[in-house]
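I have placed the structure first, in the form of structure tokens, so that the comments after it can refer back to it.
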Amino acid sequence: MCVDWGVSIRKACGAICFDTSSYHYKSRRTHQAAVERRIKEICETRVRYGYRRVHVLLRREGWVINMKKTRRIYNELGLQLRNKHPKRRVKAKLREDRQEAVGPNDVWAMDFVQDQLAMGKKLRILTVVDTHSRLCPAADPRFAYRGEDVVQTLEKVCAKIGYPKTIRVDNVLCREILAA
């Protein structure tokens, strides 16, 4: 800009609203390749050390270095340790793939439908559907369901139609009621 337009540094900096002190700034930072190399070596031999322990080792070796500088270099090198240990994840029990229904009474799907009446009372309906024929052998409404009630309803339906090979239950609410 100074050469192209033939203006002084002060006028050029004023035109672009830039401080002349920033233009003349010279970094006083010393070359830190040796410190970086040493920090890397320490971290390769002692994997679990954080920047504080690395700093202590550097000071013991005779390096005159500030804790903040050690931390900055440690972070720039990408050597940060994780603060938290990962939670141990329990592997889910593998489910068998869902088998498609080949004929009637092969697979039934059982679920609860829940609604609330105008009075505020909750109404639960046990629905059982044959996944092959889409026949609904049971839709049993009640205000309160217990596991015994589900068993009674299923026994009535199975006495009329016959027993299915499998009953599929996906809903968490349904599992809770059956467990009770």
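How things are named: the first chain in the structure tokens is A, the next is B, and so on; residues count from 1 in each chain; ligands count from 1 in the order shown.
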DSSP strand (DSSP E) selection over stretch 64-164 of chain A, as a VMD selection string: chain A and resid 107 to 116 122 to 130 138 to 142
Tell me which protein, DNA and RNA residues are within 7 Å of stretch 135-143 of chain A, counting only C-alpha atoms, leaving out same-chain ones fewer than 2 positions away, and put them as a PDB file with N, CA and C atoms, in the first residue's frame.
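Wrote result37.pdb, looks like this:
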```
ATOM      1  N   LYS A 122     -57.910 -42.459  33.893  1.00  0.00           N
ATOM      2  CA  LYS A 122     -57.140 -43.033  32.788  1.00  0.00           C
ATOM      3  C   LYS A 122     -57.738 -44.362  32.379  1.00  0.00           C
ATOM      4  N   LEU A 123     -57.763 -44.581  31.080  1.00  0.00           N
ATOM      5  CA  LEU A 123     -58.317 -45.801  30.506  1.00  0.00           C
ATOM      6  C   LEU A 123     -57.226 -46.480  29.703  1.00  0.00           C
ATOM      7  N   ARG A 124     -56.991 -47.747  29.983  1.00  0.00           N
ATOM      8  CA  ARG A 124     -56.003 -48.519  29.232  1.00  0.00           C
ATOM      9  C   ARG A 124     -56.705 -49.627  28.476  1.00  0.00           C
ATOM     10  N   ILE A 125     -56.265 -49.805  27.238  1.00  0.00           N
ATOM     11  CA  ILE A 125     -56.857 -50.843  26.400  1.00  0.00           C
ATOM     12  C   ILE A 125     -55.738 -51.779  25.959  1.00  0.00           C
ATOM     13  N   LEU A 126     -55.880 -53.058  26.267  1.00  0.00           N
ATOM     14  CA  LEU A 126     -54.935 -54.064  25.810  1.00  0.00           C
ATOM     15  C   LEU A 126     -55.341 -54.475  24.407  1.00  0.00           C
ATOM     16  N   THR A 127     -54.453 -54.280  23.448  1.00  0.00           N
ATOM     17  CA  THR A 127     -54.755 -54.672  22.067  1.00  0.00           C
ATOM     18  C   THR A 127     -53.818 -55.795  21.662  1.00  0.00           C
ATOM     19  N   VAL A 128     -54.396 -56.821  21.095  1.00  0.00           N
ATOM     20  CA  VAL A 128     -53.626 -57.949  20.569  1.00  0.00           C
ATOM     21  C   VAL A 128     -53.994 -58.059  19.098  1.00  0.00           C
ATOM     22  N   VAL A 129     -52.974 -58.041  18.229  1.00  0.00           N
ATOM     23  CA  VAL A 129     -53.211 -58.063  16.782  1.00  0.00           C
ATOM     24  C   VAL A 129     -52.403 -59.187  16.159  1.00  0.00           C
ATOM     25  N   ASP A 130     -53.069 -59.951  15.286  1.00  0.00           N
ATOM     26  CA  ASP A 130     -52.374 -60.975  14.498  1.00  0.00           C
ATOM     27  C   ASP A 130     -51.669 -60.252  13.344  1.00  0.00           C
ATOM     28  N   SER A 133     -52.799 -61.642   9.486  1.00  0.00           N
ATOM     29  CA  SER A 133     -54.148 -61.365   8.963  1.00  0.00           C
ATOM     30  C   SER A 133     -54.684 -60.008   9.407  1.00  0.00           C
ATOM     31  N   TYR A 145     -54.790 -52.143  34.974  1.00  0.00           N
ATOM     32  CA  TYR A 145     -54.316 -53.423  34.460  1.00  0.00           C
ATOM     33  C   TYR A 145     -53.232 -53.963  35.352  1.00  0.00           C
ATOM     34  N   VAL A 157     -58.709 -65.406  24.844  1.00  0.00           N
ATOM     35  CA  VAL A 157     -58.516 -65.302  23.394  1.00  0.00           C
ATOM     36  C   VAL A 157     -57.948 -66.598  22.826  1.00  0.00           C
TER      37      VAL A 157
END
```
I need the residues of stretch 20-172 of chain A that end up classed as alpha helix (DSSP H) by DSSP on the backbone, written out as number ranges by chain. A: 20-24, 33-45, 51-61, 67-76, 147-161, 172
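The shortest atom-to-atom distance to A:Asn105, with only C-alpha atoms taken into account, belongs to A:Tyr163 out of A:Tyr163, A:Arg72, A:Ala144, A:Asn66.
Going from atom CA of A:Asp19 over to atom CA of A:His31, you cover 26.3 Å.
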Nearest candidate to A:Ile39 (options A:Tyr74, A:Lys26, A:Gly62, A:Lys69; using only C-alpha atoms): A:Tyr74
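Excluding stretch 55-61 of chain A itself and any same-chain residue fewer than 2 positions from it, the protein and nucleic acid residues within 12 Å of it, counting only C-alpha atoms, are A:Ala34, A:Val35, A:Glu36, A:Arg37, A:Arg38, A:Ile39, A:Lys40, A:Glu41, A:Ile42, A:Cys43, A:Arg46, A:Tyr49, A:Gly50, A:Tyr51, A:Arg52, A:Arg53, A:Trp63, A:Val64, A:Ile65, A:Asn66, A:Met67, A:Lys68, A:Lys69, A:Thr70, A:Arg71, A:Arg72, A:Ile73, A:Tyr74.
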Saved selection, atoms kept: C-alpha atoms, as a PDB file, in the first residue's frame:
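again_21.pdb, written as the output of this step:
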```
ATOM      1  CA  ALA A  34      13.667 -27.895  21.956  1.00  0.00           C
ATOM      2  CA  VAL A  35      11.045 -27.539  24.698  1.00  0.00           C
ATOM      3  CA  GLU A  36       8.364 -28.971  22.421  1.00  0.00           C
ATOM      4  CA  ARG A  37      10.581 -31.943  21.567  1.00  0.00           C
ATOM      5  CA  ARG A  38      11.293 -32.603  25.261  1.00  0.00           C
ATOM      6  CA  ILE A  39       7.608 -32.356  26.238  1.00  0.00           C
ATOM      7  CA  LYS A  40       6.760 -34.808  23.452  1.00  0.00           C
ATOM      8  CA  GLU A  41       9.443 -37.230  24.654  1.00  0.00           C
ATOM      9  CA  ILE A  42       8.169 -37.067  28.230  1.00  0.00           C
ATOM     10  CA  CYS A  43       4.578 -37.657  27.081  1.00  0.00           C
ATOM     11  CA  ARG A  46       4.748 -41.369  30.430  1.00  0.00           C
ATOM     12  CA  TYR A  49       1.079 -37.471  32.669  1.00  0.00           C
ATOM     13  CA  GLY A  50      -0.744 -34.167  32.391  1.00  0.00           C
ATOM     14  CA  TYR A  51       0.877 -30.802  31.793  1.00  0.00           C
ATOM     15  CA  ARG A  52       1.470 -30.201  35.518  1.00  0.00           C
ATOM     16  CA  ARG A  53       3.535 -33.338  35.969  1.00  0.00           C
ATOM     17  CA  TRP A  63      14.414 -25.904  32.077  1.00  0.00           C
ATOM     18  CA  VAL A  64      13.369 -22.372  33.060  1.00  0.00           C
ATOM     19  CA  ILE A  65       9.774 -22.422  31.899  1.00  0.00           C
ATOM     20  CA  ASN A  66       6.509 -20.998  33.154  1.00  0.00           C
ATOM     21  CA  MET A  67       3.568 -23.301  33.984  1.00  0.00           C
ATOM     22  CA  LYS A  68       1.343 -21.374  31.547  1.00  0.00           C
ATOM     23  CA  LYS A  69       3.843 -21.852  28.741  1.00  0.00           C
ATOM     24  CA  THR A  70       4.077 -25.563  29.481  1.00  0.00           C
ATOM     25  CA  ARG A  71       0.307 -25.834  29.328  1.00  0.00           C
ATOM     26  CA  ARG A  72       0.097 -23.849  26.071  1.00  0.00           C
ATOM     27  CA  ILE A  73       2.720 -26.017  24.362  1.00  0.00           C
ATOM     28  CA  TYR A  74       1.138 -29.179  25.793  1.00  0.00           C
TER      29      TYR A  74
END
```
Set the distance at 12 Å and use only C-alpha atoms: which residues neighbour A:Glu100 once local chain neighbours fewer than 4 positions away are removed? I'd like the list as a CSV table (one decimal) with N, CA and C atoms, in the first residue's frame.
```csv
chain,number,residue,atom,x,y,z
A,96,GLU,N,-32.9,-61.6,18.5
A,96,GLU,CA,-33.1,-62.4,17.2
A,96,GLU,C,-33.8,-61.5,16.3
A,104,PRO,N,-51.8,-67.2,9.7
A,104,PRO,CA,-52.5,-66.8,10.9
A,104,PRO,C,-52.1,-67.5,12.2
A,105,ASN,N,-52.2,-66.8,13.3
A,105,ASN,CA,-51.7,-67.4,14.6
A,105,ASN,C,-50.2,-67.7,14.6
A,106,ASP,N,-49.5,-67.0,13.8
A,106,ASP,CA,-48.0,-67.2,13.8
A,106,ASP,C,-47.4,-66.3,14.7
A,107,VAL,N,-47.6,-64.9,14.5
A,107,VAL,CA,-47.0,-63.9,15.4
A,107,VAL,C,-48.2,-62.9,15.8
A,108,TRP,N,-48.3,-62.7,17.1
A,108,TRP,CA,-49.2,-61.7,17.6
A,108,TRP,C,-48.4,-60.5,18.1
A,109,ALA,N,-48.9,-59.3,18.0
A,109,ALA,CA,-48.3,-58.1,18.6
A,109,ALA,C,-49.3,-57.7,19.7
A,130,ASP,N,-53.1,-60.0,15.3
A,130,ASP,CA,-52.4,-61.0,14.5
A,130,ASP,C,-51.7,-60.3,13.3
A,131,THR,N,-50.3,-60.3,13.3
A,131,THR,CA,-49.6,-59.5,12.3
A,131,THR,C,-49.8,-60.0,10.9
A,132,HIS,N,-50.2,-61.3,10.7
A,132,HIS,CA,-50.4,-61.8,9.3
A,132,HIS,C,-51.7,-61.3,8.8
A,133,SER,N,-52.8,-61.6,9.5
A,133,SER,CA,-54.1,-61.4,9.0
A,133,SER,C,-54.7,-60.0,9.4
A,165,LYS,N,-47.6,-68.8,17.8
A,165,LYS,CA,-46.2,-69.3,18.0
A,165,LYS,C,-45.4,-68.3,18.9
A,166,THR,N,-45.5,-67.1,18.6
A,166,THR,CA,-44.8,-66.0,19.3
A,166,THR,C,-45.7,-64.8,19.6
A,168,ARG,N,-45.2,-60.8,20.3
A,168,ARG,CA,-44.2,-59.7,20.2
A,168,ARG,C,-44.7,-58.6,21.1
```
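Coordinates place atom CA of A:Ser22 at a distance of 16.0 Å from atom CA of A:Met1.
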